[in-house]
>>> print(open('work.txt').read())   # compact mmCIF, C-alpha atoms
# COMPACT_ATOMS: atom_id res chain seq x y z
CA MET A 1 163.67 356.37 81.26
CA GLY A 2 161.26 355.44 84.04
CA ALA A 3 161.90 355.95 87.71
CA HIS A 4 161.87 352.16 88.18
CA LYS A 5 165.02 351.77 86.08
CA LEU A 6 166.73 354.21 88.42
CA SER A 7 165.83 352.23 91.53
CA ILE A 8 168.73 352.31 93.92
CA HIS A 9 169.51 349.38 96.20
CA PRO A 10 168.99 350.18 99.91
CA TYR A 11 172.65 349.54 100.81
CA ILE A 12 173.88 351.63 97.88
CA ARG A 13 171.58 354.43 99.05
CA LEU A 14 173.28 354.41 102.46
CA ILE A 15 176.81 354.18 101.00
CA PHE A 16 175.96 357.01 98.61
CA LEU A 17 174.67 359.15 101.51
CA ILE A 18 177.70 358.55 103.71
CA GLY A 19 180.31 358.75 100.91
CA SER A 20 178.87 361.88 99.33
CA ILE A 21 178.50 363.74 102.61
CA ALA A 22 181.99 362.73 103.77
CA GLY A 23 183.56 363.93 100.50
CA THR A 24 181.57 367.16 100.54
CA ILE A 25 182.63 367.94 104.11
CA LEU A 26 186.32 367.38 103.30
CA ILE A 27 186.58 369.13 99.92
CA ASN A 28 186.73 372.92 100.05
CA LYS A 29 187.16 373.77 96.38
CA PRO A 30 183.98 375.27 94.84
CA ALA A 31 184.90 374.10 91.32
CA LEU A 32 185.12 370.46 92.45
CA LEU A 33 181.86 370.65 94.40
CA LEU A 34 180.15 372.19 91.38
CA LEU A 35 181.58 369.46 89.14
CA PHE A 36 180.25 366.75 91.46
CA TYR A 37 176.84 368.41 91.49
CA ALA A 38 176.66 368.99 87.74
CA THR A 39 177.96 365.60 86.61
CA LEU A 40 176.27 363.28 89.11
CA ILE A 41 173.63 364.85 91.34
CA LEU A 42 171.78 366.89 88.72
CA PRO A 43 171.58 364.06 86.13
CA LEU A 44 170.26 361.76 88.88
CA PHE A 45 167.39 364.16 89.52
CA VAL A 46 166.73 364.54 85.78
CA PHE A 47 166.69 360.79 85.04
CA SER A 48 164.64 359.89 88.10
CA GLY A 49 161.96 362.39 87.10
CA GLN A 50 162.42 364.42 90.29
CA ILE A 51 163.93 367.53 88.77
CA LYS A 52 160.82 369.65 89.46
CA LYS A 53 160.89 368.69 93.14
CA HIS A 54 164.61 369.47 93.25
CA ILE A 55 164.20 372.87 91.56
CA ASN A 56 161.45 373.73 94.06
CA LEU A 57 163.80 372.89 96.90
CA LEU A 58 166.56 375.04 95.39
CA LEU A 59 164.21 377.96 94.71
CA PHE A 60 162.30 377.96 97.99
CA GLY A 61 164.99 376.44 100.21
CA MET A 62 168.46 377.32 98.99
CA LEU A 63 167.79 380.68 97.30
CA PRO A 64 166.52 382.34 100.52
CA ILE A 65 169.59 381.01 102.37
CA PHE A 66 171.84 382.42 99.63
CA LEU A 67 170.08 385.81 99.86
CA SER A 68 170.39 385.90 103.63
CA PHE A 69 174.12 385.10 103.30
CA VAL A 70 174.47 388.03 100.88
CA LEU A 71 172.51 390.32 103.19
CA LEU A 72 174.48 389.35 106.29
CA TYR A 73 178.02 388.99 104.93
CA ILE A 74 178.13 391.36 101.94
CA ILE A 75 175.65 394.12 102.76
CA VAL A 76 175.79 394.25 106.58
CA LEU A 77 179.38 393.16 107.24
CA ASN A 78 180.85 394.51 103.95
CA GLY A 79 182.67 391.24 103.32
CA ASN A 80 184.79 391.59 106.48
CA ASN A 81 183.85 388.18 107.92
CA GLY A 82 183.86 386.39 104.56
CA GLY A 83 183.26 387.55 101.02
CA TRP A 84 181.73 385.97 97.91
CA ASP A 85 184.17 383.02 97.97
CA PHE A 86 182.99 382.08 101.45
CA ILE A 87 179.31 382.42 100.45
CA VAL A 88 179.70 380.36 97.26
CA LEU A 89 181.53 377.58 99.13
CA LYS A 90 178.96 377.52 101.93
CA ILE A 91 175.98 377.52 99.54
CA LEU A 92 177.51 374.79 97.37
CA LYS A 93 178.14 372.59 100.40
CA LEU A 94 174.64 373.13 101.80
CA SER A 95 173.12 372.48 98.36
CA LEU A 96 175.08 369.25 98.02
CA PHE A 97 174.13 368.01 101.50
CA THR A 98 170.50 368.82 100.77
CA SER A 99 170.54 367.20 97.33
CA VAL A 100 172.21 364.03 98.59
CA VAL A 101 169.67 363.69 101.43
CA GLN A 102 166.87 364.34 98.94
CA ILE A 103 168.08 361.63 96.55
CA THR A 104 168.67 359.13 99.35
CA LEU A 105 165.26 359.61 100.94
CA SER A 106 163.21 359.98 97.75
CA ILE A 107 162.34 356.30 97.71
CA PRO A 108 159.83 355.03 95.11
CA SER A 109 156.68 353.79 96.85
CA ASP A 110 157.10 350.22 95.55
CA ASN A 111 160.58 350.07 97.11
CA LEU A 112 159.65 351.56 100.49
CA ILE A 113 159.10 348.34 102.48
CA HIS A 114 162.14 346.62 100.98
CA THR A 115 164.40 349.62 101.59
CA PHE A 116 163.36 350.16 105.20
CA LYS A 117 163.56 346.46 105.98
CA LYS A 118 167.09 346.37 104.58
CA TRP A 119 167.89 349.39 106.74
CA ARG A 120 166.97 347.17 109.74
CA PHE A 121 163.63 348.79 110.50
CA ASN A 122 161.16 346.22 111.75
CA GLY A 123 158.01 345.91 113.84
CA ASP A 124 156.86 349.22 115.31
CA SER A 125 159.68 351.26 113.80
CA LEU A 126 158.97 349.89 110.30
CA ILE A 127 155.29 350.74 110.46
CA THR A 128 156.08 354.20 111.84
CA VAL A 129 158.53 355.19 109.10
CA LEU A 130 156.33 353.69 106.40
CA GLY A 131 153.39 355.70 107.69
CA ALA A 132 155.43 358.89 107.99
CA PHE A 133 156.61 358.60 104.38
CA THR A 134 153.14 357.91 102.96
CA VAL A 135 150.51 359.54 105.15
CA TRP A 136 151.42 363.21 104.67
CA ALA A 137 149.78 363.21 101.25
CA ASP A 138 146.56 362.08 102.95
CA VAL A 139 146.76 364.92 105.48
CA ASN A 140 147.46 367.47 102.73
CA TYR A 141 144.41 366.12 100.90
CA ARG A 142 142.24 366.50 104.01
CA ALA A 143 143.50 370.07 104.58
CA GLY A 144 142.68 370.83 100.92
CA LYS A 145 139.17 369.46 101.40
CA ILE A 146 138.57 371.62 104.48
CA ILE A 147 139.80 374.71 102.59
CA THR A 148 137.55 373.80 99.62
CA ALA A 149 134.58 373.49 101.97
CA ARG A 150 135.28 376.93 103.43
CA PHE A 151 135.83 378.31 99.92
CA SER A 152 132.46 376.97 98.73
CA ARG A 153 130.76 378.57 101.73
CA GLY A 154 132.24 381.91 100.73
CA PHE A 155 134.72 382.32 103.62
CA ILE A 156 137.67 382.70 101.22
CA GLY A 157 137.71 385.34 98.48
CA LYS A 158 140.39 384.08 96.11
CA ARG A 159 142.48 380.93 96.48
CA THR A 160 145.79 382.74 96.95
CA ILE A 161 148.43 381.43 99.32
CA ILE A 162 147.85 384.41 101.67
CA ASN A 163 144.11 383.70 101.84
CA LYS A 164 144.83 380.02 102.41
CA ALA A 165 147.21 380.92 105.24
CA LYS A 166 144.50 383.07 106.85
CA GLN A 167 142.38 379.92 107.02
CA PHE A 168 145.10 378.29 109.11
CA PRO A 169 143.39 378.39 112.54
CA PHE A 170 140.05 377.30 111.07
CA VAL A 171 141.64 374.34 109.31
CA LEU A 172 143.67 373.13 112.29
CA VAL A 173 140.93 372.01 114.69
CA PRO A 174 138.87 369.97 112.16
CA LEU A 175 142.12 368.59 110.76
CA VAL A 176 143.38 367.41 114.15
CA ILE A 177 139.95 365.98 115.04
CA GLY A 178 140.02 364.09 111.72
CA ILE A 179 143.54 362.86 112.47
CA LEU A 180 142.61 361.62 115.95
CA ARG A 181 139.48 359.89 114.64
CA THR A 182 141.47 358.22 111.83
CA ALA A 183 144.19 357.16 114.28
CA THR A 184 141.64 355.64 116.67
CA GLU A 185 139.78 353.81 113.88
CA ARG A 186 142.98 352.56 112.26
CA ALA A 187 144.36 351.39 115.61
CA GLU A 188 141.30 349.16 116.13
CA SER A 189 141.41 347.86 112.59
CA TRP A 190 145.17 347.20 112.68
CA GLU A 191 144.87 345.41 115.99
CA GLN A 192 142.15 343.14 114.62
CA LYS A 193 144.15 342.42 111.46
CA ASN A 194 147.40 341.98 113.43
CA ILE A 195 149.11 344.36 111.03
CA LEU A 196 152.57 343.99 112.58
CA HIS A 197 152.55 340.26 111.90
CA LEU A 198 151.26 340.83 108.37
CA LEU A 199 153.95 343.41 107.67
CA GLU A 200 156.74 341.19 108.99
CA ASN A 201 155.67 338.37 106.71
CA VAL A 202 154.74 340.37 103.64
CA GLU A 203 156.16 338.91 100.44
CA ILE A 204 158.27 341.58 98.79
CA GLU A 205 158.54 341.41 95.07
CA LYS A 206 162.23 341.56 94.15
CA SER A 207 163.01 344.97 92.72
CA ASN A 208 164.79 345.19 89.43
CA TYR A 209 167.73 347.34 90.45
CA SER A 210 169.82 348.73 87.62
CA ILE A 211 173.27 347.18 87.96
CA TYR A 212 174.97 349.98 86.03
CA LEU A 213 173.41 352.77 88.06
CA ASN A 214 174.11 351.08 91.40
CA ALA A 215 177.69 350.25 90.38
CA LEU A 216 178.18 353.86 89.26
CA LEU A 217 176.83 355.25 92.53
CA LEU A 218 178.97 352.89 94.57
CA PHE A 219 182.05 353.78 92.56
CA VAL A 220 181.43 357.54 92.72
CA SER A 221 180.64 357.46 96.47
CA ILE A 222 183.90 355.64 97.24
CA CYS A 223 185.94 357.84 94.87
CA TRP A 224 184.41 361.08 96.16
CA SER A 225 185.05 360.26 99.83
CA ALA A 226 188.55 358.90 99.06
CA PHE A 227 189.31 362.04 97.07
CA GLY A 228 188.14 364.07 100.06
CA VAL A 229 190.65 362.31 102.30
CA ILE A 230 193.44 362.85 99.72
CA TYR A 231 192.42 366.51 99.35
CA VAL A 232 192.63 367.09 103.10
CA THR A 233 196.00 365.35 103.50
CA CYS A 234 197.65 366.86 100.40
CA PHE A 235 196.25 370.40 100.18
CA MET B 1 145.21 340.22 130.42
CA SER B 2 143.15 343.42 130.26
CA MET B 3 146.33 345.40 131.05
CA ASP B 4 147.99 343.70 128.06
CA LYS B 5 145.04 344.52 125.87
CA ASN B 6 145.16 348.17 126.97
CA SER B 7 148.87 348.44 126.33
CA GLN B 8 148.41 346.79 122.92
CA GLN B 9 145.66 349.29 122.08
CA GLY B 10 147.85 352.18 123.24
CA ARG B 11 150.71 350.90 121.12
CA MET B 12 148.49 350.65 118.03
CA LEU B 13 147.11 354.12 118.65
CA ALA B 14 150.65 355.50 118.86
CA LEU B 15 151.60 353.71 115.63
CA THR B 16 148.65 355.18 113.75
CA PHE B 17 148.90 358.64 115.29
CA ILE B 18 152.65 359.27 114.81
CA PRO B 19 152.59 359.45 110.96
CA LEU B 20 149.57 361.74 111.08
CA ALA B 21 151.26 364.06 113.58
CA VAL B 22 154.40 364.04 111.39
CA ALA B 23 152.22 365.14 108.48
CA LEU B 24 150.76 367.92 110.63
CA ASN B 25 154.26 369.25 111.41
CA PHE B 26 155.14 368.97 107.74
CA GLY B 27 151.98 370.65 106.41
CA ILE B 28 152.02 373.60 108.79
CA GLY B 29 155.75 374.11 108.31
CA ALA B 30 155.18 374.17 104.54
CA ILE B 31 152.64 376.98 104.74
CA VAL B 32 154.82 379.09 107.04
CA LYS B 33 157.91 378.51 104.90
CA ALA B 34 156.02 379.46 101.74
CA LEU B 35 155.02 382.75 103.36
CA SER B 36 158.57 383.43 104.68
CA LEU B 37 157.13 384.49 108.02
CA PRO B 38 159.57 385.36 110.81
CA LEU B 39 158.15 382.37 112.72
CA TYR B 40 158.58 378.61 112.40
CA VAL B 41 155.25 377.08 113.60
CA ASP B 42 156.66 373.68 112.68
CA SER B 43 156.40 371.87 116.01
CA ILE B 44 152.65 371.71 116.68
CA GLY B 45 152.64 368.01 115.79
CA THR B 46 155.53 367.44 118.23
CA ILE B 47 153.79 369.35 121.06
CA LEU B 48 150.46 367.59 120.44
CA ALA B 49 152.07 364.14 120.21
CA THR B 50 153.98 364.77 123.46
CA LEU B 51 150.85 365.90 125.30
CA LEU B 52 148.85 362.99 123.90
CA LEU B 53 151.41 360.17 123.99
CA GLY B 54 154.49 361.25 125.96
CA TRP B 55 157.99 362.50 125.15
CA ARG B 56 159.24 359.44 123.27
CA MET B 57 156.45 359.64 120.71
CA GLY B 58 156.83 363.42 120.60
CA THR B 59 160.52 363.04 119.77
CA ILE B 60 159.80 360.48 117.03
CA VAL B 61 157.22 362.82 115.50
CA GLY B 62 159.60 365.79 115.66
CA VAL B 63 162.62 363.98 114.22
CA LEU B 64 160.72 362.16 111.45
CA GLY B 65 158.81 365.31 110.59
CA PHE B 66 162.00 367.34 110.21
CA VAL B 67 163.70 364.64 108.12
CA ILE B 68 160.74 364.52 105.71
CA THR B 69 160.41 368.32 105.67
CA SER B 70 164.07 368.63 104.70
CA VAL B 71 163.56 366.32 101.72
CA PHE B 72 160.60 368.21 100.31
CA ILE B 73 160.39 371.84 101.41
CA ASN B 74 162.90 373.10 103.88
CA PRO B 75 166.47 371.87 103.39
CA PHE B 76 167.76 373.15 106.71
CA ALA B 77 165.13 371.43 108.89
CA ILE B 78 167.21 368.26 109.28
CA TYR B 79 169.94 370.14 111.16
CA PHE B 80 167.48 371.07 113.92
CA VAL B 81 166.34 367.61 115.01
CA THR B 82 167.98 368.11 118.42
CA THR B 83 165.68 371.09 118.98
CA GLN B 84 162.73 368.74 118.46
CA LEU B 85 164.10 366.42 121.15
CA ALA B 86 164.43 369.40 123.52
CA ILE B 87 160.85 370.50 122.72
CA ALA B 88 159.41 367.03 123.37
CA LEU B 89 161.32 366.68 126.65
CA PHE B 90 160.37 370.12 127.93
CA VAL B 91 156.68 369.82 126.94
CA HIS B 92 156.56 366.44 128.67
CA ILE B 93 158.11 367.73 131.90
CA VAL B 94 155.98 370.88 131.97
CA GLY B 95 152.85 368.98 130.87
CA ARG B 96 153.26 366.54 133.78
CA ARG B 97 153.21 369.53 136.13
CA GLY B 98 150.05 371.03 134.63
CA GLY B 99 151.83 373.61 132.47
CA PHE B 100 149.00 373.48 129.92
CA LYS B 101 146.13 373.83 132.40
CA SER B 102 145.18 377.43 131.56
CA VAL B 103 145.93 380.04 128.88
CA PHE B 104 148.31 381.89 131.21
CA LYS B 105 150.25 378.75 132.17
CA THR B 106 150.43 377.73 128.50
CA ILE B 107 151.89 381.12 127.51
CA VAL B 108 154.49 380.91 130.31
CA SER B 109 155.38 377.35 129.23
CA GLY B 110 155.67 378.58 125.62
CA VAL B 111 158.00 381.46 126.55
CA VAL B 112 160.33 379.16 128.53
CA LEU B 113 160.18 376.59 125.72
CA GLY B 114 161.16 379.35 123.27
CA ILE B 115 164.21 380.30 125.34
CA ILE B 116 165.28 376.64 125.52
CA ALA B 117 164.70 376.17 121.77
CA ALA B 118 166.77 379.31 121.04
CA ILE B 119 169.67 378.02 123.15
CA VAL B 120 169.58 374.55 121.56
CA SER B 121 169.25 375.90 117.98
CA ALA B 122 171.90 378.63 118.24
CA PRO B 123 174.99 376.36 117.90
CA VAL B 124 173.54 374.86 114.70
CA ILE B 125 172.72 378.29 113.26
CA ILE B 126 176.22 379.52 114.07
CA LEU B 127 178.24 376.43 113.08
CA VAL B 128 176.27 375.20 110.06
CA PHE B 129 174.69 378.36 108.67
CA GLN B 130 176.98 381.09 110.03
CA GLY B 131 173.84 383.00 110.99
CA ALA B 132 172.12 382.91 107.59
CA THR B 133 169.19 380.51 107.71
CA GLY B 134 167.16 382.00 104.87
CA ASN B 135 164.00 382.63 106.90
CA GLY B 136 162.56 385.65 108.67
CA ALA B 137 164.92 385.09 111.61
CA ALA B 138 167.91 385.73 109.33
CA LEU B 139 166.62 389.27 108.69
CA LEU B 140 166.56 389.90 112.42
CA THR B 141 170.05 388.41 112.78
CA SER B 142 171.25 390.81 110.05
CA PHE B 143 169.63 393.73 111.89
CA PHE B 144 171.33 392.85 115.20
CA THR B 145 174.64 392.26 113.41
CA LYS B 146 174.35 395.74 111.89
CA MET B 147 174.01 397.10 115.44
CA SER B 148 176.68 395.05 117.19
CA ASN B 149 178.90 393.62 114.40
CA GLN B 150 178.87 390.29 116.28
CA ILE B 151 177.25 387.35 114.51
CA ILE B 152 177.20 384.98 117.51
CA ASN B 153 175.50 387.51 119.81
CA SER B 154 173.08 388.42 117.02
CA VAL B 155 172.04 384.78 116.49
CA PHE B 156 171.25 384.44 120.20
CA LEU B 157 169.44 387.81 120.25
CA SER B 158 167.29 386.97 117.22
CA GLY B 159 166.56 383.53 118.70
CA PHE B 160 165.52 385.05 122.02
CA SER B 161 163.34 387.59 120.16
CA ILE B 162 161.54 385.14 117.87
CA GLU B 163 161.48 381.76 119.59
CA PRO B 164 159.47 382.71 122.72
CA ILE B 165 156.76 384.31 120.52
CA ASP B 166 156.80 381.38 118.11
CA LYS B 167 156.70 378.71 120.79
CA SER B 168 154.05 380.51 122.87
CA LEU B 169 151.92 380.71 119.73
CA GLN B 170 152.42 377.02 119.06
CA CYS B 171 151.70 376.02 122.66
CA LEU B 172 148.55 378.16 122.59
CA LEU B 173 147.48 376.61 119.29
CA ALA B 174 148.03 373.13 120.74
CA PHE B 175 146.10 374.15 123.89
CA PHE B 176 143.11 375.46 121.93
CA ILE B 177 143.17 372.52 119.51
CA LEU B 178 143.04 370.07 122.42
CA LYS B 179 140.34 372.12 124.15
CA GLY B 180 138.31 372.04 120.93
CA ILE B 181 138.42 368.25 120.66
CA PRO B 182 135.58 366.21 122.18
CA LYS B 183 136.68 364.56 125.45
CA ASN B 184 135.47 361.13 124.36
CA LEU B 185 138.02 361.23 121.54
CA LEU B 186 140.83 362.35 123.87
CA GLU B 187 139.97 359.59 126.36
CA ASN B 188 141.89 357.16 124.13
CA PHE B 189 145.15 359.04 124.72
CA ARG B 190 146.10 358.39 128.34
CA SER B 191 149.87 357.94 128.12
CA GLY B 192 150.60 361.65 127.76
CA SER B 193 149.81 364.49 130.15
CA LEU B 194 146.20 365.33 129.25
CA LYS B 195 144.95 364.33 132.68
CA GLU B 196 147.40 366.58 134.52
CA ASN B 197 146.15 369.48 132.38
CA ASN B 198 142.45 368.79 133.04
CA MET B 199 141.83 367.95 129.39
CA ILE B 200 140.44 364.54 130.30
CA ASP B 201 138.88 363.28 133.56
>>> encode(input="work.txt", output="structure tokens")
Amino acid sequence: MGAHKLSIHPYIRLIFLIGSIAGTILINKPALLLLFYATLILPLFVFSGQIKKHINLLLFGMLPIFLSFVLLYIIVLNGNNGGWDFIVLKILKLSLFTSVVQITLSIPSDNLIHTFKKWRFNGDSLITVLGAFTVWADVNYRAGKIITARFSRGFIGKRTIINKAKQFPFVLVPLVIGILRTATERAESWEQKNILHLLENVEIEKSNYSIYLNALLLFVSICWSAFGVIYVTCF
Amino acid sequence: MSMDKNSQQGRMLALTFIPLAVALNFGIGAIVKALSLPLYVDSIGTILATLLLGWRMGTIVGVLGFVITSVFINPFAIYFVTTQLAIALFVHIVGRRGGFKSVFKTIVSGVVLGIIAAIVSAPVIILVFQGATGNGAALLTSFFTKMSNQIINSVFLSGFSIEPIDKSLQCLLAFFILKGIPKNLLENFRSGSLKENNMID
């Protein structure tokens, strides 16, 4: 199943974000949070082909937080301020918030303009968010090129992450100079092309949003937040 | 007419520079996060954008950078967007008064910025993360908690220990980066506080 078939409509994205976060804030039962994650969030990552990105986030983002919770609350405070139940609940909630934000903002590149326009971004703000979501790959590429140049000159022994980090100060200045040059050149070119006008009038090809997926997300978002309200009032 | 042309050029420059500065925040933050250093070094783009283009652009860079960072590498970044606003505001105010004129002034500005960042971040660390943020600072919080048994005090103490060093380092990096850039390139960026800091004529 391609990522295109899992395209989510901009409004459904927002409803999903708000509904999921509201429900997650209100519900305090780890089993229910885990069920929501396992039956909806995880399959979404799998079917959209973003599971690797999600696992990276869990491993390098959530795992350190979990370990620092264990260190602080179990080892240092001996469970006096909150034991394993507290840690599991906190980690599940943080993981859900993170996952929902990740799904909402992982927008396929061919849907970017449509999504941001529907979210009422226009003119300067549209061009800024579009740039922010697309340009970082370019900057990473430039940084990689500078490191490769230093590597080929023999300044770096092995390409380990530690050695790359040591190159940090040497990469920064040429990187920022490159960024300022690019910004200046692009500004002139965009002004000549009247990019803002072009972007406002760009013809957007209608995306083929999956009705079933969008209906499911809408339904689940409403149910999850409504269940949260019921949970708070009844339990 | 020429004023309009200048403002249009400045606007275009801001529009092209902001995404690149966001990427700078993102890229540097990624390296530091991967190394689990007890520092953040994730606001250089914000500081540079503020000095080059003013506090509004600095805030946009900081907030957008943290939103994107939280999607890809660091899930807790999104909770600290208010700290980015505080950084942009402070750098703008200090920059206007020549706080980045010399190495000494830059270090002093960085230390004060660190204290402000620690105060603004502490409520988020306490309320959202209960002190456990998963980075090097959490180790320091655990150490102080072991000493005092008080999580709230420990969060403030670890913030006051790390943030001034981190922010001084970032301010110094921004200072040296700007000093290393040819003046003719910086001449295009006149809406920030480069002039007050003798970085352009």
>>> closest_atom_pairs(input="work.txt", of="chain B", to="chain A", cutoff="6 Å", atoms="all atoms listed in the file", output="CSV")
residue,atom,partner,partner_atom,distance
B:Met12,CA,A:Ala187,CA,4.8
B:Leu13,CA,A:Ala187,CA,4.9
B:Leu15,CA,A:Thr128,CA,5.9
B:Thr16,CA,A:Ala183,CA,4.9
B:Phe17,CA,A:Ala183,CA,5.0
B:Pro19,CA,A:Ala132,CA,4.1
B:Ala23,CA,A:Trp136,CA,4.3
B:Val71,CA,A:Gln102,CA,4.8
B:Ile73,CA,A:Leu57,CA,5.8
B:Asn74,CA,A:Gly61,CA,5.4
B:Pro75,CA,A:Thr98,CA,5.7
B:Ala132,CA,A:Phe69,CA,5.2
B:Thr133,CA,A:Ile65,CA,5.4
B:Gly134,CA,A:Ile65,CA,3.6
B:Ser142,CA,A:Leu72,CA,5.2
B:Lys146,CA,A:Val76,CA,5.7
B:Ile177,CA,A:Val173,CA,5.3
>>> closest_residue(input="work.txt", among="B:Ser43, B:Asn188, B:Ser193, B:Ser161", to="Ile93 (chain B)", atoms="all atoms listed in the file")
B:Ser193
>>> residues_around(input="work.txt", residues="Lys195 (chain B)", least_positions_apart="6", cutoff="12 Å", atoms="only C-alpha atoms", output="list in words")
Leu51, Leu52, Leu53, Gly95, Arg96, Arg97, Gly98, Gly99, Phe100, Lys101, Leu178, Lys183, Leu186, Glu187, Asn188, Phe189 and Asp201 of chain B
>>> atom_distance(input="work.txt", atom1="CA of Gly159 (chain B)", atom2="CA of Ala49 (chain B)")
24.3 Å
>>> atom_distance(input="work.txt", atom1="CA of Ile119 (chain B)", atom2="CA of Gln84 (chain B)")
12.5 Å
>>> atom_distance(input="work.txt", atom1="CA of Trp224 (chain A)", atom2="CA of Gly131 (chain B)")
28.5 Å
>>> residues_around(input="work.txt", residues="region 208-223 of chain A", least_positions_apart="5", cutoff="6 Å", atoms="all atoms listed in the file", output="PyMOL selection string")
chain A and resi 5+7+16+19-20
>>> residues_near_point(input="work.txt", point="(168.0, 389.5, 111.9)", cutoff="9 Å", atoms="only C-alpha atoms", output="PDB file with C-alpha atoms, in the frame of the given file")
ATOM      1  CA  LEU A  72     174.480 389.350 106.290  1.00  0.00           C
TER       2      LEU A  72
ATOM      3  CA  GLY B 131     173.840 383.000 110.990  1.00  0.00           C
ATOM      4  CA  ALA B 132     172.120 382.910 107.590  1.00  0.00           C
ATOM      5  CA  GLY B 136     162.560 385.650 108.670  1.00  0.00           C
ATOM      6  CA  ALA B 137     164.920 385.090 111.610  1.00  0.00           C
ATOM      7  CA  ALA B 138     167.910 385.730 109.330  1.00  0.00           C
ATOM      8  CA  LEU B 139     166.620 389.270 108.690  1.00  0.00           C
ATOM      9  CA  LEU B 140     166.560 389.900 112.420  1.00  0.00           C
ATOM     10  CA  THR B 141     170.050 388.410 112.780  1.00  0.00           C
ATOM     11  CA  SER B 142     171.250 390.810 110.050  1.00  0.00           C
ATOM     12  CA  PHE B 143     169.630 393.730 111.890  1.00  0.00           C
ATOM     13  CA  PHE B 144     171.330 392.850 115.200  1.00  0.00           C
ATOM     14  CA  THR B 145     174.640 392.260 113.410  1.00  0.00           C
ATOM     15  CA  LYS B 146     174.350 395.740 111.890  1.00  0.00           C
ATOM     16  CA  SER B 154     173.080 388.420 117.020  1.00  0.00           C
ATOM     17  CA  VAL B 155     172.040 384.780 116.490  1.00  0.00           C
ATOM     18  CA  LEU B 157     169.440 387.810 120.250  1.00  0.00           C
ATOM     19  CA  SER B 158     167.290 386.970 117.220  1.00  0.00           C
TER      20      SER B 158
END
>>> closest_residue(input="work.txt", among="B:Glu163, B:Phe175, B:Ile126, B:Val103", to="Ile151 (chain B)", atoms="all atoms listed in the file")
B:Ile126
>>> closest_residue(input="work.txt", among="B:Ile200, B:Leu173, B:Leu127, B:Val120", to="Gly45 (chain B)", atoms="all atoms listed in the file")
B:Leu173
>>> axis_aligned_box(input="work.txt", around="region 52-55 of chain A", padding_each_side="4 Å", output="AutoDock Vina command-line options")
--center_x 162.7 --center_y 370.8 --center_z 91.4 --size_x 11.8 --size_y 12.2 --size_z 11.8
>>> closest_residue(input="work.txt", among="A:Phe36, A:Trp84, A:Phe151, A:Tyr11", to="Trp119 (chain A)", atoms="all atoms listed in the file")
A:Tyr11
>>> decode(input="work.txt", residues="region 27-55 of chain A", atoms="C-alpha atoms", output="PDB file, in the first residue's frame")
ATOM      1  CA  ILE A  27      -7.814   9.148  29.852  1.00  0.00           C
ATOM      2  CA  ASN A  28      -5.556   7.907  32.638  1.00  0.00           C
ATOM      3  CA  LYS A  29      -5.751   4.156  32.135  1.00  0.00           C
ATOM      4  CA  PRO A  30      -2.522   2.696  30.668  1.00  0.00           C
ATOM      5  CA  ALA A  31      -4.343  -0.284  29.103  1.00  0.00           C
ATOM      6  CA  LEU A  32      -6.659   2.017  27.117  1.00  0.00           C
ATOM      7  CA  LEU A  33      -3.803   4.248  25.980  1.00  0.00           C
ATOM      8  CA  LEU A  34      -1.838   1.188  24.887  1.00  0.00           C
ATOM      9  CA  LEU A  35      -4.888  -0.136  23.027  1.00  0.00           C
ATOM     10  CA  PHE A  36      -5.295   3.175  21.177  1.00  0.00           C
ATOM     11  CA  TYR A  37      -1.611   3.140  20.263  1.00  0.00           C
ATOM     12  CA  ALA A  38      -1.525  -0.496  19.165  1.00  0.00           C
ATOM     13  CA  THR A  39      -4.755  -0.539  17.177  1.00  0.00           C
ATOM     14  CA  LEU A  40      -4.628   2.842  15.447  1.00  0.00           C
ATOM     15  CA  ILE A  41      -1.361   4.756  15.757  1.00  0.00           C
ATOM     16  CA  LEU A  42       1.061   1.907  15.079  1.00  0.00           C
ATOM     17  CA  PRO A  43      -0.826   0.549  12.018  1.00  0.00           C
ATOM     18  CA  LEU A  44      -0.935   4.104  10.620  1.00  0.00           C
ATOM     19  CA  PHE A  45       2.849   4.296  10.779  1.00  0.00           C
ATOM     20  CA  VAL A  46       3.193   0.814   9.252  1.00  0.00           C
ATOM     21  CA  PHE A  47       0.815   1.462   6.334  1.00  0.00           C
ATOM     22  CA  SER A  48       2.168   4.919   5.585  1.00  0.00           C
ATOM     23  CA  GLY A  49       5.701   3.527   5.324  1.00  0.00           C
ATOM     24  CA  GLN A  50       6.952   5.680   8.206  1.00  0.00           C
ATOM     25  CA  ILE A  51       7.553   2.944  10.733  1.00  0.00           C
ATOM     26  CA  LYS A  52      11.356   3.309  10.570  1.00  0.00           C
ATOM     27  CA  LYS A  53      11.108   7.036  11.306  1.00  0.00           C
ATOM     28  CA  HIS A  54       8.721   6.287  14.170  1.00  0.00           C
ATOM     29  CA  ILE A  55      10.971   3.591  15.668  1.00  0.00           C
TER      30      ILE A  55
END
